[in-house]
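Text of entry.txt, listed as compact mmCIF, C-alpha atoms:
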# COMPACT_ATOMS: atom_id res chain seq x y z
CA MET A 182 -2.11 -23.78 18.95
CA THR A 183 -5.74 -22.86 18.47
CA PRO A 184 -6.58 -20.12 15.97
CA ALA A 185 -7.76 -17.90 18.82
CA ALA A 186 -4.44 -18.35 20.63
CA ILE A 187 -2.50 -17.48 17.46
CA LEU A 188 -4.52 -14.30 16.96
CA ARG A 189 -4.16 -13.34 20.61
CA ALA A 190 -0.40 -13.84 20.45
CA GLY A 191 0.03 -11.69 17.34
CA PHE A 192 -2.21 -8.83 18.27
CA ARG A 193 -1.62 -8.74 22.00
CA ASP A 194 0.51 -11.14 24.02
CA GLN A 195 3.43 -11.37 21.59
CA ASN A 196 2.78 -8.18 19.63
CA PRO A 197 5.84 -7.57 17.42
CA GLY A 198 5.84 -3.83 18.00
CA LEU A 199 5.08 -3.62 21.72
CA VAL A 200 6.28 -6.93 23.18
CA GLN A 201 8.81 -8.62 20.93
CA LEU A 202 10.16 -5.26 19.72
CA LEU A 203 10.95 -6.75 16.31
CA GLY A 204 11.30 -4.54 13.26
CA LEU A 205 11.84 -1.37 15.27
CA CYS A 206 13.84 0.35 12.53
CA PRO A 207 10.99 0.59 9.99
CA LEU A 208 8.48 1.03 12.82
CA LEU A 209 10.18 4.17 14.11
CA ALA A 210 11.35 5.55 10.78
CA VAL A 211 8.16 5.28 8.74
CA SER A 212 5.47 5.99 11.33
CA THR A 213 5.42 9.74 10.68
CA SER A 214 1.82 9.71 9.49
CA LEU A 215 -1.25 7.52 9.42
CA GLY A 216 -0.93 7.05 5.66
CA SER A 217 2.69 5.93 5.54
CA GLY A 218 2.28 3.76 8.65
CA LEU A 219 -0.71 2.04 7.09
CA GLY A 220 1.15 1.63 3.79
CA LEU A 221 4.21 -0.04 5.29
CA GLY A 222 2.01 -2.05 7.64
CA LEU A 223 -0.01 -3.47 4.74
CA ALA A 224 3.14 -4.20 2.70
CA THR A 225 4.73 -6.01 5.66
CA LEU A 226 1.48 -7.87 6.34
CA ALA A 227 1.30 -9.08 2.73
CA VAL A 228 4.92 -10.25 2.76
CA LEU A 229 4.51 -11.93 6.15
CA VAL A 230 1.38 -13.89 5.17
CA ALA A 231 2.92 -15.01 1.85
CA SER A 232 6.26 -15.93 3.38
CA SER A 233 4.65 -17.83 6.26
CA GLY A 234 2.54 -19.84 3.82
CA LEU A 235 5.44 -20.69 1.50
CA VAL A 236 7.83 -21.44 4.36
CA SER A 237 5.29 -23.76 5.93
CA LEU A 238 4.91 -25.64 2.63
CA ALA A 239 8.67 -25.95 2.08
CA GLY A 240 10.03 -25.77 5.61
CA ARG A 241 9.91 -29.33 6.88
CA SER A 242 11.53 -30.88 3.81
CA LEU A 243 14.52 -28.51 3.85
CA PRO A 244 17.93 -29.68 5.11
CA ALA A 245 18.78 -27.78 8.30
CA GLU A 246 22.00 -26.26 6.91
CA ILE A 247 20.31 -24.27 4.18
CA ARG A 248 16.92 -23.67 5.76
CA ILE A 249 17.52 -20.04 6.69
CA ALA A 250 19.21 -19.30 3.36
CA VAL A 251 16.13 -20.57 1.53
CA PHE A 252 13.84 -18.50 3.79
CA VAL A 253 15.86 -15.36 3.07
CA LEU A 254 15.70 -16.05 -0.69
CA LEU A 255 11.93 -16.54 -0.54
CA ILE A 256 11.39 -13.41 1.54
CA ALA A 257 13.63 -11.33 -0.72
CA ALA A 258 11.73 -12.50 -3.81
CA LEU A 259 8.38 -11.68 -2.18
CA VAL A 260 9.50 -8.24 -1.04
CA THR A 261 10.88 -7.44 -4.50
CA SER A 262 7.55 -8.47 -6.03
CA VAL A 263 5.61 -6.26 -3.61
CA GLU A 264 7.98 -3.39 -4.31
CA LEU A 265 7.56 -3.71 -8.09
CA ALA A 266 3.78 -3.90 -7.73
CA LEU A 267 3.72 -0.73 -5.61
CA ALA A 268 6.02 1.10 -8.03
CA ALA A 269 3.63 0.18 -10.84
CA TRP A 270 0.29 1.00 -9.23
CA LEU A 271 0.89 3.19 -6.18
CA PRO A 272 3.95 5.29 -7.10
CA GLY A 273 3.16 7.91 -4.44
CA LEU A 274 3.23 5.34 -1.67
CA HIS A 275 6.31 3.74 -3.20
CA ALA A 276 8.11 7.09 -3.05
CA ALA A 277 6.89 7.85 0.48
CA LEU A 278 8.11 4.54 1.90
CA GLY A 279 11.41 4.82 0.04
CA ILE A 280 14.18 2.54 1.24
CA PHE A 281 12.02 1.01 3.98
CA LEU A 282 10.05 -0.95 1.41
CA PRO A 283 12.99 -3.09 0.15
CA LEU A 284 14.26 -3.18 3.74
CA ILE A 285 11.27 -5.36 4.71
CA VAL A 286 13.67 -8.14 3.67
CA THR A 287 15.80 -7.36 6.71
CA ASN A 288 12.85 -6.93 9.08
CA CYS A 289 13.71 -9.60 11.61
CA LEU A 290 10.01 -10.08 12.29
CA VAL A 291 9.55 -11.80 8.92
CA LEU A 292 12.50 -14.18 9.32
CA ALA A 293 11.71 -14.76 12.99
CA ARG A 294 8.15 -15.91 12.21
CA ALA A 295 9.40 -18.09 9.33
CA GLU A 296 12.00 -19.81 11.48
CA ALA A 297 10.24 -19.94 14.84
CA PHE A 298 6.68 -20.66 13.75
CA ALA A 299 5.87 -21.23 10.09
CA SER A 300 8.55 -23.85 9.42
CA ARG A 301 7.14 -26.07 12.20
CA GLN A 302 3.42 -25.60 11.68
CA PRO A 303 0.76 -26.65 9.17
CA VAL A 304 -0.04 -24.18 6.39
CA GLY A 305 -3.31 -22.96 7.91
CA SER A 306 -1.73 -22.08 11.26
CA ALA A 307 1.26 -20.50 9.52
CA LEU A 308 -0.94 -18.25 7.37
CA LEU A 309 -2.97 -17.24 10.42
CA ASP A 310 0.22 -16.50 12.36
CA GLY A 311 1.52 -14.36 9.49
CA PHE A 312 -1.76 -12.47 9.49
CA ALA A 313 -1.83 -12.05 13.27
CA MET A 314 1.81 -10.92 13.58
CA GLY A 315 1.57 -8.66 10.52
CA GLY A 316 -1.72 -7.30 11.84
CA GLY A 317 -0.23 -6.65 15.27
CA PHE A 318 2.67 -4.81 13.64
CA LEU A 319 0.22 -2.87 11.45
CA VAL A 320 -1.85 -1.77 14.44
CA VAL A 321 1.24 -0.40 16.24
CA LEU A 322 2.46 1.33 13.05
CA VAL A 323 -0.93 2.95 12.48
CA ALA A 324 -1.32 3.98 16.14
CA LEU A 325 2.17 5.49 16.33
CA GLY A 326 1.73 7.12 12.91
CA SER A 327 -1.60 8.65 13.90
CA VAL A 328 -0.28 10.10 17.17
CA ARG A 329 2.83 11.50 15.47
CA GLU A 330 0.83 13.01 12.62
CA VAL A 331 -1.67 14.69 14.96
CA LEU A 332 1.05 16.08 17.25
CA GLY A 333 3.52 16.99 14.53
CA ARG A 334 1.35 18.15 11.68
CA GLY A 335 -2.04 18.86 13.19
CA SER A 336 -3.77 16.53 10.80
CA LEU A 337 -4.87 12.92 10.66
CA GLY A 338 -4.86 10.87 7.48
CA GLY A 339 -3.53 13.83 5.48
CA ASP A 340 -1.58 11.60 3.12
CA LEU A 341 -4.04 8.74 2.78
CA HIS A 342 -4.31 9.69 -0.88
CA LEU A 343 -0.95 7.95 -1.34
CA LEU A 344 -2.70 4.66 -0.64
CA LEU A 345 -5.52 5.39 -3.05
CA GLY A 346 -3.19 6.42 -5.85
CA ILE A 347 -4.93 9.77 -6.39
CA ASP A 348 -2.81 12.88 -6.08
CA THR A 349 -4.95 15.24 -4.07
CA SER A 350 -4.67 16.29 -0.47
CA THR A 351 -8.34 16.81 0.29
CA TYR A 352 -8.41 13.74 2.52
CA GLY A 353 -8.06 13.53 6.23
CA LEU A 354 -8.84 15.58 9.24
CA HIS A 355 -7.13 18.93 9.73
CA LEU A 356 -7.01 20.01 13.35
CA PHE A 357 -4.53 22.90 13.31
CA SER A 358 -1.99 24.47 11.00
CA GLU A 359 1.19 22.54 10.38
CA GLN A 360 3.30 25.51 11.50
CA HIS A 361 2.04 25.00 15.06
CA GLY A 362 2.92 21.30 15.02
CA PHE A 363 5.09 19.75 17.68
CA LEU A 364 8.21 19.09 15.58
CA LEU A 365 9.74 16.58 18.01
CA ALA A 366 6.91 14.16 17.28
CA LEU A 367 8.02 13.90 13.63
CA LEU A 368 11.72 13.47 14.37
CA PRO A 369 13.29 10.11 15.31
CA PRO A 370 13.69 11.00 19.03
CA GLY A 371 9.95 11.67 19.18
CA ALA A 372 9.30 8.23 17.72
CA PHE A 373 11.42 6.63 20.46
CA ILE A 374 9.72 8.65 23.18
CA LEU A 375 6.21 7.87 21.95
CA LEU A 376 6.99 4.17 21.52
CA GLY A 377 8.46 4.22 25.03
CA LEU A 378 5.21 5.70 26.33
CA GLY A 379 3.32 2.96 24.48
CA LEU A 380 5.48 0.29 26.12
CA ALA A 381 4.99 1.89 29.53
CA TRP A 382 1.24 1.98 28.99
CA ARG A 383 1.24 -1.70 28.11
CA GLN A 384 3.42 -2.59 31.08
CA ALA A 385 1.17 -0.66 33.43
CA ARG A 386 -1.87 -2.48 32.10
CA ARG A 387 -0.18 -5.85 32.47
CA ALA A 388 1.00 -5.05 35.96
CA GLY A 389 -2.54 -4.14 36.82
CA THR A 390 -4.11 -7.34 35.51
CA ALA A 391 -1.48 -9.95 36.35
CA ALA A 392 1.00 -9.46 39.17
CA SER A 393 3.86 -10.94 37.22
CA THR A 394 7.37 -9.80 36.33
CA MET A 395 7.41 -12.01 33.24
CA SER A 396 6.86 -9.25 30.71
CA THR A 397 9.69 -7.14 32.09
CA THR A 398 12.13 -9.98 31.55
CA VAL A 399 10.83 -10.60 28.04
CA ILE A 400 11.37 -6.98 27.07
CA GLY A 401 14.72 -6.78 28.83
CA SER A 402 16.04 -9.78 26.93
CA LYS A 403 14.88 -8.59 23.52
CA THR A 404 16.12 -5.02 23.43
CA GLY A 405 19.53 -6.31 22.35
CA GLY A 406 18.10 -6.95 18.90
CA ILE A 407 17.00 -3.37 18.25
CA THR A 408 19.35 -2.92 15.29
CA SER A 409 17.07 -4.74 12.89
CA MET B 132 20.97 -34.77 12.66
CA ALA B 133 21.54 -37.99 14.55
CA GLY B 134 20.20 -41.15 12.96
CA ASN B 135 20.53 -39.83 9.43
CA PRO B 136 22.15 -42.60 7.37
CA GLU B 137 23.07 -40.29 4.49
CA PRO B 138 26.85 -39.83 4.01
CA PRO B 139 27.99 -36.21 4.53
CA ALA B 140 29.06 -35.66 0.92
CA ARG B 141 25.70 -36.70 -0.49
CA ARG B 142 23.95 -34.66 2.11
CA ALA B 143 25.91 -31.57 1.10
CA VAL B 144 25.15 -32.13 -2.58
CA ARG B 145 21.47 -32.56 -1.82
CA ALA B 146 21.45 -29.36 0.25
CA ALA B 147 23.17 -27.46 -2.55
CA MET B 148 20.64 -28.72 -5.07
CA VAL B 149 17.70 -27.72 -2.88
CA LEU B 150 19.24 -24.28 -2.44
CA ALA B 151 19.77 -23.96 -6.19
CA ALA B 152 16.15 -24.96 -6.81
CA ALA B 153 14.98 -22.34 -4.30
CA ALA B 154 17.15 -19.72 -5.98
CA ILE B 155 15.68 -20.59 -9.38
CA ALA B 156 12.14 -20.45 -7.98
CA ALA B 157 12.78 -17.06 -6.32
CA PHE B 158 14.40 -15.75 -9.51
CA GLY B 159 11.44 -17.01 -11.54
CA LEU B 160 8.94 -15.24 -9.28
CA VAL B 161 10.79 -11.93 -9.51
CA ALA B 162 11.19 -12.32 -13.29
CA VAL B 163 7.47 -12.95 -13.79
CA VAL B 164 6.50 -9.97 -11.59
CA HIS B 165 9.08 -7.76 -13.28
CA GLU B 166 7.76 -8.70 -16.70
CA GLY B 167 4.18 -8.10 -15.58
CA THR B 168 4.85 -4.66 -14.07
CA ARG B 169 7.52 -3.27 -16.41
CA ASP B 170 5.23 -1.42 -18.82
CA GLN B 171 3.04 -0.17 -16.01
CA ILE B 172 6.05 1.16 -14.08
CA ALA B 173 7.35 2.96 -17.17
CA ALA B 174 3.92 4.50 -17.81
CA THR B 175 3.54 5.50 -14.15
CA GLN B 176 6.96 7.15 -14.06
CA ARG B 177 6.18 8.99 -17.26
CA ALA B 178 2.86 10.25 -15.94
CA HIS B 179 4.53 11.25 -12.68
CA GLU B 180 7.26 13.17 -14.54
CA LEU B 181 4.75 14.97 -16.76
CA ALA B 182 2.62 15.92 -13.73
CA ARG B 183 5.68 17.49 -12.13
CA PHE B 184 6.50 19.37 -15.33
CA ASP B 185 2.96 20.71 -15.53
CA GLN B 186 3.33 22.10 -11.99
CA VAL B 187 6.30 24.30 -12.91
CA LEU B 188 4.84 25.25 -16.29
CA ALA B 189 2.10 27.07 -14.37
CA GLY B 190 -0.59 26.51 -16.95
CA ARG B 191 1.46 27.48 -20.03
CA PRO B 192 -0.23 25.68 -22.93
CA ARG B 193 1.93 23.20 -24.82
CA ASP B 194 1.25 20.61 -27.48
CA ASN B 195 4.51 18.70 -27.83
CA ASP B 196 5.81 15.52 -26.23
CA LEU B 197 7.93 17.06 -23.48
CA LEU B 198 9.87 13.97 -22.60
CA ALA B 199 10.91 13.41 -26.21
CA ASP B 200 11.99 17.03 -26.79
CA ALA B 201 15.10 17.06 -24.64
CA VAL B 202 18.58 18.45 -25.04
CA THR B 203 21.57 17.46 -22.95
CA LEU B 204 24.09 20.09 -21.85
CA ARG B 205 27.11 20.28 -19.60
CA ASP B 206 27.94 23.13 -17.24
CA ALA B 207 29.20 21.90 -13.89
CA GLU B 208 30.09 25.38 -12.67
CA LEU B 209 26.56 26.75 -12.80
CA LEU B 210 24.28 23.77 -12.34
CA GLY B 211 25.89 21.98 -9.46
CA THR B 212 26.10 18.62 -11.16
CA ALA B 213 29.36 17.14 -12.32
CA GLY B 214 27.88 15.39 -15.33
CA THR B 215 25.41 16.43 -17.95
CA ILE B 216 22.01 17.97 -17.42
CA THR B 217 18.90 17.35 -19.45
CA ALA B 218 16.63 20.21 -20.42
CA TYR B 219 13.10 19.61 -21.70
CA ARG B 220 11.44 22.01 -24.13
CA ALA B 221 7.74 22.82 -23.99
CA ARG B 222 6.42 24.03 -27.35
CA LEU B 223 3.15 25.28 -28.78
CA HIS B 224 2.79 24.97 -32.57
CA GLY B 225 6.55 24.38 -32.76
CA GLU B 226 7.44 27.60 -30.92
CA PRO B 227 9.25 27.12 -27.60
CA VAL B 228 7.17 28.37 -24.67
CA ALA B 229 9.39 27.15 -21.85
CA VAL B 230 12.52 25.20 -20.99
CA ILE B 231 12.44 22.90 -17.98
CA LEU B 232 15.70 22.37 -16.12
CA GLU B 233 16.56 20.13 -13.21
CA PRO B 234 19.40 21.79 -11.29
CA VAL B 235 20.81 20.49 -8.02
CA ALA B 236 21.64 22.73 -5.06
CA THR B 237 24.69 21.16 -3.46
CA ASP B 238 25.20 23.81 -0.78
CA GLY B 239 22.09 23.08 1.29
CA TYR B 240 22.18 22.16 4.94
CA SER B 241 21.92 18.41 4.45
CA GLY B 242 22.66 16.81 1.11
CA ALA B 243 21.59 17.71 -2.40
CA ILE B 244 18.37 19.63 -3.08
CA HIS B 245 16.92 18.63 -6.44
CA LEU B 246 14.94 21.41 -8.06
CA LEU B 247 12.75 21.67 -11.13
CA ILE B 248 12.63 25.06 -12.86
CA ALA B 249 10.65 26.22 -15.88
CA VAL B 250 12.05 29.26 -17.69
CA ALA B 251 10.20 31.19 -20.40
CA PRO B 252 12.11 32.07 -23.62
CA ASP B 253 12.62 35.65 -22.35
CA GLY B 254 14.41 34.40 -19.24
CA THR B 255 11.50 34.76 -16.80
CA VAL B 256 10.93 32.03 -14.22
CA LEU B 257 7.56 30.33 -14.67
CA GLY B 258 7.79 28.10 -11.64
CA VAL B 259 10.17 26.35 -9.27
CA ARG B 260 9.51 23.17 -7.29
CA THR B 261 11.61 21.04 -4.99
CA VAL B 262 11.76 17.49 -6.27
CA SER B 263 13.66 15.96 -3.37
CA HIS B 264 15.68 17.14 -0.39
CA HIS B 265 17.02 15.99 2.97
CA GLU B 266 16.71 19.25 4.88
CA THR B 267 15.69 19.15 8.56
CA PRO B 268 11.96 18.43 8.95
CA GLY B 269 10.19 21.45 10.36
CA LEU B 270 13.08 23.81 9.62
CA GLY B 271 14.46 23.34 6.13
CA ASP B 272 11.46 21.67 4.53
CA PHE B 273 9.66 24.97 3.84
CA ILE B 274 11.03 24.61 0.29
CA ASP B 275 8.42 21.89 -0.24
CA THR B 276 5.08 23.31 -1.46
CA ARG B 277 3.29 21.01 0.98
CA ARG B 278 4.87 22.97 3.85
CA SER B 279 4.88 26.56 2.63
CA GLY B 280 4.50 28.70 -0.45
CA TRP B 281 8.02 30.11 -0.13
CA ILE B 282 9.27 28.58 -3.37
CA GLN B 283 6.46 30.19 -5.35
CA GLN B 284 8.04 33.65 -4.89
CA PHE B 285 10.36 32.94 -7.84
CA ALA B 286 7.55 32.91 -10.41
CA GLY B 287 7.76 35.98 -12.63
CA LYS B 288 11.33 36.80 -11.55
CA SER B 289 14.26 37.07 -13.97
CA LEU B 290 17.85 38.30 -13.97
CA ARG B 291 16.50 41.84 -14.59
CA ASN B 292 13.89 41.58 -11.84
CA PRO B 293 15.69 41.74 -9.50
CA ALA B 294 19.14 42.45 -10.97
CA ALA B 295 21.54 39.52 -11.02
CA ALA B 296 23.53 40.92 -8.11
CA ARG B 297 20.42 40.90 -5.92
CA TRP B 298 19.70 37.19 -6.38
CA ARG B 299 20.57 36.56 -2.75
CA VAL B 300 18.69 36.26 0.53
CA ARG B 301 18.06 39.50 2.41
CA LYS B 302 20.65 38.64 5.03
CA ASP B 303 23.28 38.71 2.25
CA GLY B 304 21.96 41.96 0.79
CA GLY B 305 19.63 40.45 -1.78
CA ASP B 306 15.93 40.64 -2.52
CA PHE B 307 14.69 37.23 -1.34
CA ASP B 308 13.32 36.40 2.08
CA GLN B 309 15.19 33.74 3.99
CA PHE B 310 13.26 31.44 6.22
CA THR B 311 14.04 32.07 9.87
CA GLY B 312 16.32 29.39 11.23
CA ALA B 313 17.08 27.99 7.80
CA THR B 314 19.24 30.62 6.11
CA ILE B 315 21.57 28.00 4.61
CA THR B 316 18.69 26.24 2.87
CA SER B 317 17.21 29.55 1.66
CA ARG B 318 20.62 30.70 0.38
CA ALA B 319 21.19 27.42 -1.45
CA VAL B 320 17.84 27.53 -3.25
CA VAL B 321 17.99 31.25 -4.15
CA GLY B 322 21.56 30.85 -5.40
CA THR B 323 20.73 27.79 -7.47
CA VAL B 324 17.70 29.42 -9.11
CA GLY B 325 19.84 32.49 -9.92
CA ARG B 326 22.64 30.36 -11.37
CA THR B 327 20.12 28.42 -13.42
CA LEU B 328 18.94 31.68 -14.97
CA GLU B 329 22.56 32.59 -15.75
CA PHE B 330 22.97 29.17 -17.30
CA PHE B 331 19.83 29.75 -19.35
CA ALA B 332 21.15 33.12 -20.54
CA ARG B 333 24.52 31.63 -21.43
CA HIS B 334 23.11 28.60 -23.30
CA ARG B 335 19.89 30.16 -24.52
CA ASP B 336 20.30 29.27 -28.20
CA GLU B 337 21.18 25.64 -27.53
CA LEU B 338 18.35 25.33 -25.01
CA LEU B 339 15.66 26.77 -27.24
CA GLY B 340 16.69 24.66 -30.21
CA ASP B 341 16.49 25.60 -33.86
CA GLU B 342 13.25 27.50 -33.76
CA LEU B 343 13.85 30.82 -32.03
CA PRO B 344 11.04 33.19 -31.13
CA ALA B 345 10.51 36.17 -33.46
CA ALA B 346 11.94 38.85 -31.16
CA PRO B 347 14.70 37.48 -28.98
CA ALA B 348 14.83 39.40 -25.72
CA THR B 349 18.22 40.61 -24.59
CA ILE B 350 19.40 39.44 -21.24
CA GLN B 351 21.57 41.67 -19.13
CA PRO B 352 23.56 39.59 -16.73

As structure tokens - that is how I would like this structure written.
Amino acid sequence: MTPAAILRAGFRDQNPGLVQLLGLCPLLAVSTSLGSGLGLGLATLAVLVASSGLVSLAGRSLPAEIRIAVFVLLIAALVTSVELALAAWLPGLHAALGIFLPLIVTNCLVLARAEAFASRQPVGSALLDGFAMGGGFLVVLVALGSVREVLGRGSLGGDLHLLLGIDTSTYGLHLFSEQHGFLLALLPPGAFILLGLGLAWRQARRAGTAASTMSTTVIGSKTGGITS
Amino acid sequence: MAGNPEPPARRAVRAAMVLAAAAIAAFGLVAVVHEGTRDQIAATQRAHELARFDQVLAGRPRDNDLLADAVTLRDAELLGTAGTITAYRARLHGEPVAVILEPVATDGYSGAIHLLIAVAPDGTVLGVRTVSHHETPGLGDFIDTRRSGWIQQFAGKSLRNPAAARWRVRKDGGDFDQFTGATITSRAVVGTVGRTLEFFARHRDELLGDELPAAPATIQP
């Protein structure tokens, strides 16, 4: 695959959040604001790039029986390292992401890219794929987080200070008072509805450009794996 | 794996060894990161804890090491925790200026509500903050200062102001406003703050330590 094709796949054609629907649990749970969406997106991106690189280096020499076990070990070690680093230097973000930070281990996106792509590709392609898939996931997290924060809290970027490690709330854009926020947008059902609208928007765009039923079948076959 | 001449037993041993090597490598990575971040994490947690304490102390000056000046007590009936509770003493020139308690409201709408309360030696509340809760977003989360100033109404209150019997929400005949739609949460927090003051009155001498203030105030329960 050419670098351009890898980037296109991650950010658009095979976007983990809008097409493959991988890692929905953290995507829906954490995207309550721009700040927390960006935080989890960056943490996932870092883990995905590192795991893709390491898996690509080790992947082809591993016996088939233990390959996935080794991938899980590697990913768990990387996630634990990221978690410790965040606890040390960005405690506010660490607290805001809570259990979803260690749960990056179980994000099927990370293992799926290790098994399906990185273990069969040279290091350069694997790193780029990790970046593209992590970036695609990050974009969806940030978009969903921004929409939910604006609708639910009337602000945008109100908790970006978590990412900077400074404890003030003078950041961000404040549009209206939080009391007038649309509560549903912050609750899990609102996350499902907004993601559904995002999927519909994407489908409509695809239907407009290419008269193909391919994407419908892709989505239909993947929704079974929502539990991750 | 067709065409692999390796006998199955040797293949299994080799796989096990590779897996063990991967486990050791993963363990090594986590150990190195843990070692490198341990001091920083401890310092960060300490700073975080002290920042929270300073919020409830409401600007009371202190010159002691709060985290080192702690006393552990047990009173499951009043504090909502089955085990022991740690109280931290803030002092200025050796005199206690406040006691910080961390009670838990167990009768909230959804799980435990962890509170942080600073009480002056005369039994007056200096400040109350919610440390963590699982109340419904948009309804029960008014107890968080980021959502509303409701929890700041306790500052300056004591068991004499209002009287102990009026430490309830208005709906129950007390003096504290409940938040519309979240009476259970309001009731849990008001009740826990009131019980914490009773606990303070009951254990005052142990909480304040050896050095008592010159004129101990009497507390009428």

Counting only C-alpha atoms, give me one row per residue of segment 247-329 of chain A with an atom at most 12 Å from an atom of segment 256-278 of chain B, showing the shortest contact pair and its distance in Å to one decimal, sorted by chain then residue number, as CSV.
residue,atom,partner,partner_atom,distance
A:Ala276,CA,B:Ser263,CA,10.5
A:Ala277,CA,B:Ser263,CA,11.2
A:Gly279,CA,B:Ser263,CA,11.9

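Counting all atoms listed in the file, Ala236 of chain B has the following residues at most 6 Å away, ignoring those fewer than 6 positions along the same chain: Ala243, Ile244, Ala319 and Thr323 of chain B.
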
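The space between atom CA of Gly159 of chain B and atom CA of Val251 of chain A spans 14.3 Å.
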
Residues of chain A within 7 Å of chain B: nearest atom pair and distance (Å, one decimal) for each, counting only C-alpha atoms, sorted by chain and number, as a tab-separated table?
residue	atom	partner	partner_atom	distance
A:Pro244	CA	B:Ala146	CA	6.0
A:Ile247	CA	B:Ala146	CA	6.5
A:Val251	CA	B:Ala153	CA	6.2
A:Leu254	CA	B:Ala157	CA	6.4
A:Leu255	CA	B:Ala157	CA	5.9
A:Ala258	CA	B:Ala157	CA	5.3
A:Thr261	CA	B:Val161	CA	6.7
A:Ser262	CA	B:Val164	CA	5.9
A:Leu265	CA	B:Thr168	CA	6.6
A:Ala266	CA	B:Thr168	CA	6.5
A:Ala268	CA	B:Ile172	CA	6.1
A:Ala269	CA	B:Ile172	CA	4.2
A:Leu364	CA	B:Gly269	CA	6.1

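In this structure, atom CA of Ser237 of chain A sits 9.0 Å away from atom CA of Ser306 of chain A.
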
Output as JSON the centre and edge lengths (Å, one decimal) of the box along x, y and z of the file that holds every listed atom of segment 225-233 of chain A after adding 8 Å on each side.
{"center_x": 3.8, "center_y": -11.9, "center_z": 4.1, "size_x": 21.0, "size_y": 27.8, "size_z": 20.5}

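With all atoms listed in the file as the atoms that count, the minimum distance from Pro369 of chain A to the choices A:Gly315, A:Pro207, A:Pro303, A:Gly220 is reached by A:Pro207.
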
- Tell me, as a PyMOL selection string, which residues lie within 8 Å of Gly191 of chain A, counting only C-alpha atoms; anything in the same chain fewer than 4 positions away does not count. chain A and resi 187+195-197+310+313-317

Could you save those same residues with C-alpha atoms as a compact mmCIF listing (two decimals), in the coordinates of the input?
# COMPACT_ATOMS: atom_id res chain seq x y z
CA ILE A 187 -2.50 -17.48 17.46
CA GLN A 195 3.43 -11.37 21.59
CA ASN A 196 2.78 -8.18 19.63
CA PRO A 197 5.84 -7.57 17.42
CA ASP A 310 0.22 -16.50 12.36
CA ALA A 313 -1.83 -12.05 13.27
CA MET A 314 1.81 -10.92 13.58
CA GLY A 315 1.57 -8.66 10.52
CA GLY A 316 -1.72 -7.30 11.84
CA GLY A 317 -0.23 -6.65 15.27
